[in-house]
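*Asks:* Sharing query.cif, mmCIF, C-alpha atoms:
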data_input
loop_
_atom_site.label_atom_id
_atom_site.label_comp_id
_atom_site.auth_asym_id
_atom_site.auth_seq_id
_atom_site.Cartn_x
_atom_site.Cartn_y
_atom_site.Cartn_z
CA MET A 1 -3.01 25.24 -108.22
CA ALA A 2 -3.53 26.81 -104.78
CA ASP A 3 -0.71 27.24 -102.22
CA ILE A 4 1.08 23.96 -101.48
CA LEU A 5 0.27 22.78 -97.97
CA GLY A 6 3.08 22.69 -95.41
CA SER A 7 3.94 19.32 -93.87
CA PHE A 8 2.27 20.24 -90.54
CA GLU A 9 -0.88 21.34 -92.36
CA GLN A 10 -0.89 18.01 -94.21
CA ALA A 11 -0.47 16.12 -90.92
CA VAL A 12 -3.44 18.00 -89.39
CA LEU A 13 -5.65 17.51 -92.45
CA LEU A 14 -4.81 13.80 -92.68
CA ALA A 15 -5.54 13.41 -88.95
CA ILE A 16 -9.01 14.85 -89.55
CA VAL A 17 -9.54 12.43 -92.48
CA ARG A 18 -8.39 9.46 -90.35
CA LEU A 19 -10.47 10.38 -87.29
CA ASP A 20 -13.57 10.98 -89.42
CA ASP A 21 -16.51 11.73 -87.09
CA GLY A 22 -14.25 11.83 -84.03
CA ALA A 23 -12.03 14.68 -85.28
CA TYR A 24 -12.06 17.23 -82.46
CA GLY A 25 -9.18 19.32 -81.05
CA ARG A 26 -7.62 16.92 -78.55
CA ALA A 27 -8.05 13.81 -80.75
CA ILE A 28 -6.36 15.67 -83.64
CA LEU A 29 -3.53 16.74 -81.31
CA LYS A 30 -2.92 13.12 -80.25
CA GLU A 31 -3.12 11.79 -83.79
CA VAL A 32 -0.67 14.39 -85.14
CA ALA A 33 1.78 13.80 -82.26
CA GLU A 34 1.61 10.06 -82.85
CA ARG A 35 2.21 10.34 -86.60
CA LEU A 36 5.03 12.88 -86.27
CA GLU A 37 6.50 10.89 -83.36
CA ARG A 38 7.08 13.98 -81.24
CA ASP A 39 5.33 16.13 -78.68
CA VAL A 40 3.17 18.73 -80.42
CA ALA A 41 2.02 22.01 -78.85
CA ALA A 42 -1.75 22.35 -78.58
CA GLY A 43 -1.38 25.98 -79.73
CA ALA A 44 0.33 24.87 -82.96
CA VAL A 45 -2.53 22.52 -83.83
CA GLN A 46 -5.13 25.13 -82.85
CA ALA A 47 -3.46 27.84 -84.98
CA THR A 48 -3.23 25.43 -87.95
CA LEU A 49 -6.90 24.47 -87.65
CA GLU A 50 -7.89 28.15 -87.58
CA ARG A 51 -5.74 28.83 -90.66
CA LEU A 52 -7.16 25.84 -92.57
CA GLU A 53 -10.68 27.00 -91.73
CA ARG A 54 -9.88 30.53 -92.94
CA LYS A 55 -8.52 29.04 -96.20
CA GLY A 56 -11.80 27.15 -96.64
CA LEU A 57 -10.18 23.70 -96.44
CA VAL A 58 -12.04 22.53 -93.32
CA ARG A 59 -15.22 23.44 -91.52
CA SER A 60 -16.07 23.09 -87.84
CA ARG A 61 -19.09 22.68 -85.61
CA LEU A 62 -19.53 22.63 -81.85
CA GLY A 63 -20.47 19.32 -80.24
CA SER A 64 -21.30 18.18 -76.73
CA GLY A 65 -18.81 18.10 -73.86
CA THR A 66 -17.84 15.18 -71.62
CA PRO A 67 -17.39 14.92 -67.82
CA ILE A 68 -13.57 14.72 -68.11
CA ARG A 69 -13.63 18.18 -69.76
CA ASP A 70 -16.06 19.50 -67.14
CA GLY A 71 -18.75 19.56 -69.84
CA ARG A 72 -16.87 22.00 -72.07
CA ALA A 73 -17.97 21.80 -75.70
CA ARG A 74 -15.84 20.00 -78.31
CA ARG A 75 -15.20 21.56 -81.71
CA PHE A 76 -15.41 18.90 -84.43
CA TYR A 77 -13.69 19.36 -87.79
CA ALA A 78 -14.38 17.96 -91.25
CA VAL A 79 -12.32 18.27 -94.43
CA LEU A 80 -14.05 20.08 -97.29
CA PRO A 81 -13.63 19.05 -100.98
CA GLU A 82 -11.16 21.93 -101.38
CA GLY A 83 -9.10 20.39 -98.55
CA VAL A 84 -9.07 16.97 -100.22
CA ARG A 85 -7.92 18.63 -103.45
CA ALA A 86 -5.14 20.45 -101.58
CA LEU A 87 -3.98 17.18 -100.02
CA ASN A 88 -3.90 15.44 -103.39
CA ASP A 89 -1.97 18.36 -104.91
CA ALA A 90 0.54 18.23 -102.05
CA ARG A 91 1.06 14.49 -102.54
CA LYS A 92 1.46 14.91 -106.30
CA THR A 93 4.10 17.61 -105.78
CA HIS A 94 5.91 15.49 -103.21
CA GLU A 95 5.99 12.45 -105.49
CA SER A 96 7.06 14.54 -108.45
CA VAL A 97 9.99 16.02 -106.49
CA TRP A 98 11.15 12.55 -105.40
CA ARG A 99 10.66 10.79 -108.74
CA GLY A 100 13.83 9.09 -110.00
CA PHE A 101 15.49 8.78 -106.59
CA ALA A 102 15.98 5.47 -104.84
CA ARG A 103 14.76 5.45 -101.23
CA PRO A 104 16.44 5.84 -98.85
CA LEU A 105 18.72 8.40 -100.44
CA LYS A 106 22.40 7.45 -100.01
CA SER A 107 25.06 10.06 -99.35
CA ARG A 108 27.87 10.34 -101.94
CA GLY A 109 30.65 10.96 -99.41
CA MET B 1 -10.11 14.60 -60.61
CA ALA B 2 -6.87 16.60 -60.86
CA ASN B 3 -7.03 20.20 -61.96
CA PRO B 4 -4.46 22.36 -63.77
CA PRO B 5 -3.09 25.41 -61.89
CA GLU B 6 -5.88 27.94 -61.27
CA VAL B 7 -3.85 30.95 -62.47
CA ALA B 8 -2.86 29.19 -65.71
CA GLN B 9 -6.52 28.39 -66.38
CA LEU B 10 -7.52 32.02 -65.77
CA ILE B 11 -4.78 33.26 -68.12
CA LEU B 12 -5.85 30.73 -70.77
CA HIS B 13 -9.46 31.91 -70.57
CA ALA B 14 -8.39 35.53 -70.89
CA LEU B 15 -6.08 34.66 -73.78
CA LEU B 16 -8.44 32.79 -76.07
CA PRO B 17 -10.85 34.42 -78.54
CA ALA B 18 -14.52 33.99 -77.62
CA ASP B 19 -15.26 31.32 -80.25
CA ALA B 20 -12.33 29.08 -79.20
CA ARG B 21 -12.49 29.57 -75.42
CA GLU B 22 -14.71 26.64 -74.48
CA SER B 23 -13.35 24.05 -76.90
CA VAL B 24 -9.62 24.77 -76.51
CA ALA B 25 -9.81 25.00 -72.71
CA GLY B 26 -11.74 21.69 -72.77
CA ASP B 27 -9.15 20.03 -75.05
CA LEU B 28 -6.30 21.03 -72.73
CA LEU B 29 -8.21 19.93 -69.64
CA GLU B 30 -9.02 16.55 -71.21
CA GLU B 31 -5.40 15.98 -72.28
CA TYR B 32 -4.20 17.06 -68.82
CA ARG B 33 -6.50 14.70 -66.93
CA ASP B 34 -6.59 11.80 -69.36
CA SER B 35 -2.95 11.60 -70.50
CA ARG B 36 -0.52 13.93 -68.74
CA VAL B 37 -1.37 13.33 -65.06
CA PRO B 38 -1.55 9.50 -65.35
CA ALA B 39 1.67 9.35 -67.41
CA ALA B 40 3.88 11.90 -65.67
CA GLY B 41 2.27 12.95 -62.40
CA GLU B 42 0.63 16.20 -61.36
CA LEU B 43 3.74 18.39 -61.15
CA ARG B 44 4.93 17.58 -64.68
CA ALA B 45 1.39 17.81 -65.98
CA ASP B 46 1.15 21.30 -64.43
CA LEU B 47 4.39 22.30 -66.16
CA TRP B 48 3.03 20.94 -69.46
CA TYR B 49 -0.16 23.00 -68.97
CA TRP B 50 1.85 26.17 -68.27
CA ARG B 51 3.94 25.51 -71.41
CA GLN B 52 0.79 25.23 -73.53
CA VAL B 53 -0.58 28.50 -72.12
CA GLY B 54 2.78 30.25 -72.65
CA GLY B 55 2.97 28.89 -76.20
CA MET B 56 -0.51 30.18 -77.00
CA TRP B 57 0.39 33.60 -75.62
CA LEU B 58 3.56 33.71 -77.75
CA ARG B 59 1.69 32.64 -80.89
CA ALA B 60 -0.83 35.43 -80.40
CA TYR B 61 1.47 38.29 -79.39
CA TRP B 62 5.08 37.55 -80.47
CA TRP B 63 4.88 40.15 -83.23
CA LEU B 64 4.07 42.84 -80.65
CA ALA B 65 6.79 41.62 -78.26
CA VAL B 66 9.57 41.77 -80.87
CA PRO B 67 9.48 45.59 -81.34
CA VAL B 68 9.46 46.08 -77.54
CA LEU B 69 12.59 43.90 -77.21
CA LEU B 70 14.25 45.73 -80.12
CA LEU B 71 13.47 49.09 -78.49
CA LEU B 72 15.08 47.89 -75.27
CA VAL B 73 18.24 46.85 -77.13
CA VAL B 74 18.45 50.06 -79.19
CA SER B 75 17.89 52.35 -76.18
CA ASP B 76 20.44 50.42 -74.08
CA VAL B 77 23.11 50.45 -76.81
CA PHE B 78 22.73 54.18 -77.47
CA ASN B 79 22.58 54.98 -73.77
CA THR B 80 25.83 53.09 -73.18
CA PHE B 81 27.88 54.19 -76.19
CA ARG B 82 27.92 57.97 -76.11
CA ALA B 83 30.13 60.74 -77.39
CA PRO B 84 32.83 61.82 -74.86
CA SER B 85 30.68 64.89 -74.15
CA GLY B 86 27.85 62.60 -73.08
CA ALA B 87 25.68 63.46 -76.07
CA SER B 88 23.75 60.57 -77.59
CA TYR B 89 24.56 59.63 -81.18
CA LEU B 90 20.81 59.69 -81.79
CA ASP B 91 20.42 63.36 -80.86
CA GLY B 92 20.41 64.47 -84.51
CA LEU B 93 17.33 62.39 -85.35
CA PRO B 94 13.89 64.04 -85.80
CA LYS B 95 11.90 64.43 -82.56
CA LEU B 96 9.19 62.04 -83.73
CA VAL B 97 11.74 59.25 -84.28
CA LEU B 98 13.32 59.99 -80.90
CA ALA B 99 9.90 59.74 -79.25
CA VAL B 100 9.25 56.36 -80.93
CA ILE B 101 12.55 54.88 -79.71
CA SER B 102 12.20 56.34 -76.20
CA PRO B 103 10.32 54.75 -73.24
CA LEU B 104 7.28 56.53 -74.71
CA GLY B 105 7.51 54.12 -77.65
CA VAL B 106 7.37 51.16 -75.26
CA VAL B 107 4.29 52.63 -73.55
CA GLY B 108 2.71 53.17 -76.98
CA LEU B 109 3.37 49.54 -77.91
CA LEU B 110 1.88 48.39 -74.59
CA ALA B 111 -1.23 50.45 -75.32
CA LEU B 112 -1.42 48.93 -78.81
CA THR B 113 -0.99 45.43 -77.35
CA THR B 114 -3.79 46.05 -74.86
CA ALA B 115 -6.12 47.37 -77.52
CA TYR B 116 -5.36 44.42 -79.82
CA GLY B 117 -5.68 41.88 -76.99
CA SER B 118 -9.05 43.31 -75.90
CA TRP B 119 -10.30 43.40 -79.48
CA ARG B 120 -9.08 39.87 -80.31
CA THR B 121 -10.61 38.25 -77.24
CA GLN B 122 -13.60 40.60 -76.96
CA ARG B 123 -12.96 41.03 -73.25
CA TRP B 124 -10.89 43.41 -71.18
CA GLN B 125 -8.94 40.61 -69.44
CA GLY B 126 -7.49 39.68 -72.83
CA GLY B 127 -5.86 43.09 -73.17
CA LEU B 128 -4.49 42.97 -69.64
CA VAL B 129 -2.99 39.50 -70.13
CA ALA B 130 -1.42 40.63 -73.41
CA ALA B 131 0.16 43.76 -71.88
CA VAL B 132 1.37 42.11 -68.67
CA GLY B 133 2.77 39.21 -70.73
CA ILE B 134 4.80 41.68 -72.81
CA SER B 135 6.14 43.24 -69.60
CA VAL B 136 7.16 39.86 -68.15
CA LEU B 137 8.87 38.88 -71.40
CA ALA B 138 10.60 42.27 -71.77
CA TRP B 139 11.86 42.20 -68.20
CA LEU B 140 13.20 38.65 -68.47
CA PHE B 141 14.86 39.61 -71.75
CA ALA B 142 16.35 42.74 -70.12
CA VAL B 143 17.84 40.61 -67.32
CA ALA B 144 19.39 38.18 -69.86
CA TRP B 145 20.59 41.04 -72.11
CA TRP B 146 22.13 42.87 -69.19
CA GLY B 147 23.81 39.68 -67.91
CA ALA B 148 25.39 39.11 -71.31
CA THR B 149 26.47 42.71 -71.98
CA VAL B 150 27.27 44.37 -68.64
CA TYR B 151 30.95 43.37 -68.60
CA PRO B 152 31.87 43.95 -72.30
CA PHE B 153 29.94 47.26 -72.32
CA ALA B 154 31.66 48.36 -69.09
CA GLN B 155 35.08 47.90 -70.75
CA VAL B 156 34.13 50.62 -73.23
CA GLN B 157 32.27 52.79 -70.72
CA GLN B 158 35.20 53.07 -68.30
CA VAL B 159 37.33 54.95 -70.85
CA ASN B 160 34.55 57.39 -71.81
CA PRO B 161 34.89 60.72 -69.93
CA TYR B 162 31.10 60.98 -69.61
CA TRP B 163 30.79 57.69 -67.75
CA VAL B 164 33.95 58.28 -65.73
CA HIS B 165 32.49 61.59 -64.59
CA ALA B 166 29.18 59.93 -63.72
CA TRP B 167 31.01 57.28 -61.69
CA GLN B 168 33.12 59.83 -59.80
CA TRP B 169 30.13 62.08 -59.13
CA SER B 170 28.05 59.16 -57.89
CA THR B 171 30.71 57.57 -55.65
CA HIS B 172 31.85 60.91 -54.20
CA ARG B 173 28.27 61.80 -53.44
CA ALA B 174 27.86 58.52 -51.55
CA ALA B 175 31.08 58.88 -49.52
CA GLN B 176 33.78 61.50 -49.61
CA HIS B 177 36.64 59.03 -50.00
CA SER B 178 34.92 56.13 -51.67
CA ASP B 179 37.19 53.54 -53.29
CA GLU B 180 34.43 51.80 -55.24
CA THR B 181 35.71 50.57 -58.61
CA PHE B 182 34.03 51.51 -61.88
CA LEU B 183 32.95 47.91 -62.56
CA HIS B 184 31.39 47.55 -59.11
CA TRP B 185 29.56 50.86 -59.51
CA ILE B 186 28.23 50.09 -63.03
CA PHE B 187 27.10 46.62 -61.88
CA TRP B 188 24.94 48.03 -59.08
CA ASP B 189 23.81 50.92 -61.27
CA ASN B 190 22.47 48.34 -63.73
CA VAL B 191 20.80 46.30 -60.98
CA GLY B 192 19.00 49.47 -59.85
CA ALA B 193 17.98 50.25 -63.43
CA LEU B 194 16.55 46.73 -63.84
CA ILE B 195 14.49 47.02 -60.65
CA ILE B 196 13.18 50.51 -61.42
CA GLY B 197 12.68 49.62 -65.11
CA GLY B 198 10.70 46.52 -64.09
CA ILE B 199 8.44 48.53 -61.76
CA VAL B 200 7.81 51.17 -64.46
CA LEU B 201 7.17 48.49 -67.10
CA PHE B 202 4.66 46.58 -64.94
CA GLY B 203 3.03 49.85 -63.84
CA ALA B 204 2.67 50.97 -67.47
CA SER B 205 1.24 47.60 -68.53
CA PHE B 206 -1.36 47.70 -65.75
CA VAL B 207 -2.31 51.31 -66.61
CA CYS B 208 -2.53 50.45 -70.32
CA GLY B 209 -4.42 47.27 -69.43
CA GLY B 210 -6.85 49.35 -67.35
CA ILE B 211 -7.42 51.84 -70.18
CA GLY B 212 -7.87 48.94 -72.63
CA ALA B 213 -10.34 47.38 -70.19
CA ILE B 214 -12.47 50.53 -70.08
CA LEU B 215 -12.38 50.91 -73.89
CA ALA B 216 -13.24 47.21 -74.41
CA GLY B 217 -16.12 47.56 -71.91
CA ILE B 218 -17.53 50.61 -73.73
CA SER B 219 -17.17 48.97 -77.17
CA SER B 220 -18.79 45.75 -75.90
CA GLN B 221 -21.76 47.69 -74.46
CA ARG B 222 -22.17 49.54 -77.77
CA ARG B 223 -21.98 46.26 -79.71
CA HIS B 224 -24.68 44.69 -77.52
CA ALA B 225 -26.85 47.80 -77.82
CA GLY B 226 -26.39 47.75 -81.62
CA GLN B 227 -27.32 44.06 -81.82
CA LYS B 228 -30.43 44.64 -79.68
CA SER B 229 -31.63 47.56 -81.78
CA SER B 230 -30.98 45.68 -85.06
CA ARG B 231 -32.94 42.65 -83.72
CA GLY B 232 -35.76 45.01 -82.72
CA GLY B 233 -35.69 46.54 -86.22
CA THR B 234 -35.88 43.13 -87.88
CA GLN B 235 -38.86 42.08 -85.75
CA THR B 236 -40.71 45.32 -86.59
CA GLY B 237 -39.99 44.72 -90.27
CA ARG B 238 -41.44 41.20 -90.10
CA ARG B 239 -44.60 42.43 -88.41
CA THR B 240 -45.25 45.03 -91.08
#
For this file, write the structure as structure tokens.
*Replies:*
Amino acid sequence: MADILGSFEQAVLLAIVRLDDGAYGRAILKEVAERLERDVAAGAVQATLERLERKGLVRSRLGSGTPIRDGRARRFYAVLPEGVRALNDARKTHESVWRGFARPLKSRG
Amino acid sequence: MANPPEVAQLILHALLPADARESVAGDLLEEYRDSRVPAAGELRADLWYWRQVGGMWLRAYWWLAVPVLLLLVVSDVFNTFRAPSGASYLDGLPKLVLAVISPLGVVGLLALTTAYGSWRTQRWQGGLVAAVGISVLAWLFAVAWWGATVYPFAQVQQVNPYWVHAWQWSTHRAAQHSDETFLHWIFWDNVGALIIGGIVLFGASFVCGGIGAILAGISSQRRHAGQKSSRGGTQTGRRT
């Protein structure tokens, strides 16, 4: 099994899966912020995308710009089979760690 | 349409590697115009933009900033706490180690930062932004460090003969019968050190940035020349 993905990496990968053909930097940023219910730094998402690409879990291609971005190109991301495998592994590990516990966990004190 | 602060945009462009420059700058611009300005107004949106740029700088160069900050702390601690004779407790260390933990070490780290910044972004502005950023961070840290330590350190300094002598020499030089207290003197001595230190730090970062700029320019020209000649070679090969 490869390295287990961190929770932020999982959030970014799942955002790409959800957005499908519309998965470019800003859309991923919004999706991740919405799911995590907090403000997310653009640099954090960018650094994670670069790391996932280096690990071979996603690939990217440049697409056209829009007037609101002054025509600047958008970089679109897609999850590779290795990325899907890593997500499934992460979920399996998560479920295995939680197995046997009632949710939500109650404190003993 | 609203625009983010010009300087922040310039810094962002200098900060990003070539392959991410267009797309990341576009993402931030889109978020700024489409979400931040309508939701919070231009001033808050500008602050948000600056925070993103600052965050990207920190992510790229924090590991080079940490040793600079550590060097500042080490040199300040060992400059303050001295033997009664005035000798530094570091004097017994090998000369190479002393050079590394001296201001020369900071200049060396600035040069390294510039070289790395220029290499990472493939443009000389990247090195300059990296080095000047380290200077800004180091100076702000020095101000905070000094604010937190000036009084407790002075309690120890004022019973050390070396510092007492320095105080008496300095105040007597200024006025024959000066009644300036030790705490007042050390406070203003530190303010002077912060101002001069800041000027030296910014000067060094600009010099290092300039050297990095020249080196990045030469390496970029060589890279382009290499690419041209290899393309020429490939075309010749295809013809034959």
*Asks:* Could you pull the residues within 10 Å of range 30-41 of chain A, counting only C-alpha atoms, minus those fewer than 5 positions along the same chain, as a PDB file with C-alpha atoms, keeping the file's coordinate frame?
*Replies:*
ATOM      1  CA  PHE A   8       2.270  20.240 -90.540  1.00  0.00           C
ATOM      2  CA  GLN A  10      -0.890  18.010 -94.210  1.00  0.00           C
ATOM      3  CA  ALA A  11      -0.470  16.120 -90.920  1.00  0.00           C
ATOM      4  CA  VAL A  12      -3.440  18.000 -89.390  1.00  0.00           C
ATOM      5  CA  LEU A  13      -5.650  17.510 -92.450  1.00  0.00           C
ATOM      6  CA  LEU A  14      -4.810  13.800 -92.680  1.00  0.00           C
ATOM      7  CA  ALA A  15      -5.540  13.410 -88.950  1.00  0.00           C
ATOM      8  CA  ILE A  16      -9.010  14.850 -89.550  1.00  0.00           C
ATOM      9  CA  ARG A  18      -8.390   9.460 -90.350  1.00  0.00           C
ATOM     10  CA  LEU A  19     -10.470  10.380 -87.290  1.00  0.00           C
ATOM     11  CA  ALA A  23     -12.030  14.680 -85.280  1.00  0.00           C
ATOM     12  CA  GLY A  25      -9.180  19.320 -81.050  1.00  0.00           C
ATOM     13  CA  GLN A  46      -5.130  25.130 -82.850  1.00  0.00           C
TER      14      GLN A  46
ATOM     15  CA  GLU B  31      -5.400  15.980 -72.280  1.00  0.00           C
ATOM     16  CA  SER B  35      -2.950  11.600 -70.500  1.00  0.00           C
ATOM     17  CA  TRP B  48       3.030  20.940 -69.460  1.00  0.00           C
ATOM     18  CA  ARG B  51       3.940  25.510 -71.410  1.00  0.00           C
ATOM     19  CA  GLN B  52       0.790  25.230 -73.530  1.00  0.00           C
ATOM     20  CA  VAL B  53      -0.580  28.500 -72.120  1.00  0.00           C
ATOM     21  CA  GLY B  55       2.970  28.890 -76.200  1.00  0.00           C
ATOM     22  CA  MET B  56      -0.510  30.180 -77.000  1.00  0.00           C
TER      23      MET B  56
END
*Asks:* Can you work out which residues from chain A touch chain B at a cut-off of 10 Å (counting all atoms listed in the file) and hand them back as number ranges by chain?
*Replies:* A: 24-27, 29-30, 40-44, 46-47, 50, 62-76
*Asks:* When distances are computed from only C-alpha atoms, which of B:His165, B:Arg222, B:Arg120, B:Arg173 shows the smallest separation from Pro17 in chain B?
*Replies:*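 The closest residue to Pro17 in chain B is B:Arg120.
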*Asks:* Could you jot down the CA of Val73 in chain B to CA of Thr181 in chain B separation for me, Å, one decimal place?
*Replies:* 25.7 Å
*Asks:* Can you pull out the residues contacting Gly6 in chain A? Cut-off 12 Å, using all atoms listed in the file, and skip same-chain residues under 2 positions away; I want them as a VMD selection string.
*Replies:* chain A and resid 3 to 4 8 to 13 48 51 to 52 86 to 87 89 to 91 93 to 94
*Asks:* Just how far from CA of Arg85 in chain A is CA of Leu49 in chain A, in Å to one decimal?
*Replies:*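 So the answer is 16.9 Å.
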*Asks:* Quick one, how far is CA of Gly192 in chain B from CA of Ala138 in chain B?
*Replies:*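 Between these atoms lies a distance of 16.3 Å.
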*Asks:* I'd like the residues picked by the PyMOL selection byres ((chain B and resi 83) around 12) written out as a list of chain:residue names, using the chain letters and numbers from the file.
*Replies:*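 When the PyMOL selection byres ((chain B and resi 83) around 12) is applied to the shown file, the picked residues are B:Phe78, B:Asn79, B:Thr80, B:Phe81, B:Arg82, B:Pro84, B:Ser85, B:Gly86, B:Ala87, B:Ser88, B:Tyr89, B:Leu90, B:Asp91, B:Val156, B:Gln157, B:Val159, B:Asn160, B:Pro161, B:Tyr162, B:Trp163.
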*Asks:* Write a file of the just-selected residues containing C-alpha atoms, as a PDB file, in the frame of the given file.
*Replies:*
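Listed below is the output, selection.pdb:
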ATOM      1  CA  PHE B  78      22.730  54.180 -77.470  1.00  0.00           C
ATOM      2  CA  ASN B  79      22.580  54.980 -73.770  1.00  0.00           C
ATOM      3  CA  THR B  80      25.830  53.090 -73.180  1.00  0.00           C
ATOM      4  CA  PHE B  81      27.880  54.190 -76.190  1.00  0.00           C
ATOM      5  CA  ARG B  82      27.920  57.970 -76.110  1.00  0.00           C
ATOM      6  CA  PRO B  84      32.830  61.820 -74.860  1.00  0.00           C
ATOM      7  CA  SER B  85      30.680  64.890 -74.150  1.00  0.00           C
ATOM      8  CA  GLY B  86      27.850  62.600 -73.080  1.00  0.00           C
ATOM      9  CA  ALA B  87      25.680  63.460 -76.070  1.00  0.00           C
ATOM     10  CA  SER B  88      23.750  60.570 -77.590  1.00  0.00           C
ATOM     11  CA  TYR B  89      24.560  59.630 -81.180  1.00  0.00           C
ATOM     12  CA  LEU B  90      20.810  59.690 -81.790  1.00  0.00           C
ATOM     13  CA  ASP B  91      20.420  63.360 -80.860  1.00  0.00           C
ATOM     14  CA  VAL B 156      34.130  50.620 -73.230  1.00  0.00           C
ATOM     15  CA  GLN B 157      32.270  52.790 -70.720  1.00  0.00           C
ATOM     16  CA  VAL B 159      37.330  54.950 -70.850  1.00  0.00           C
ATOM     17  CA  ASN B 160      34.550  57.390 -71.810  1.00  0.00           C
ATOM     18  CA  PRO B 161      34.890  60.720 -69.930  1.00  0.00           C
ATOM     19  CA  TYR B 162      31.100  60.980 -69.610  1.00  0.00           C
ATOM     20  CA  TRP B 163      30.790  57.690 -67.750  1.00  0.00           C
TER      21      TRP B 163
END
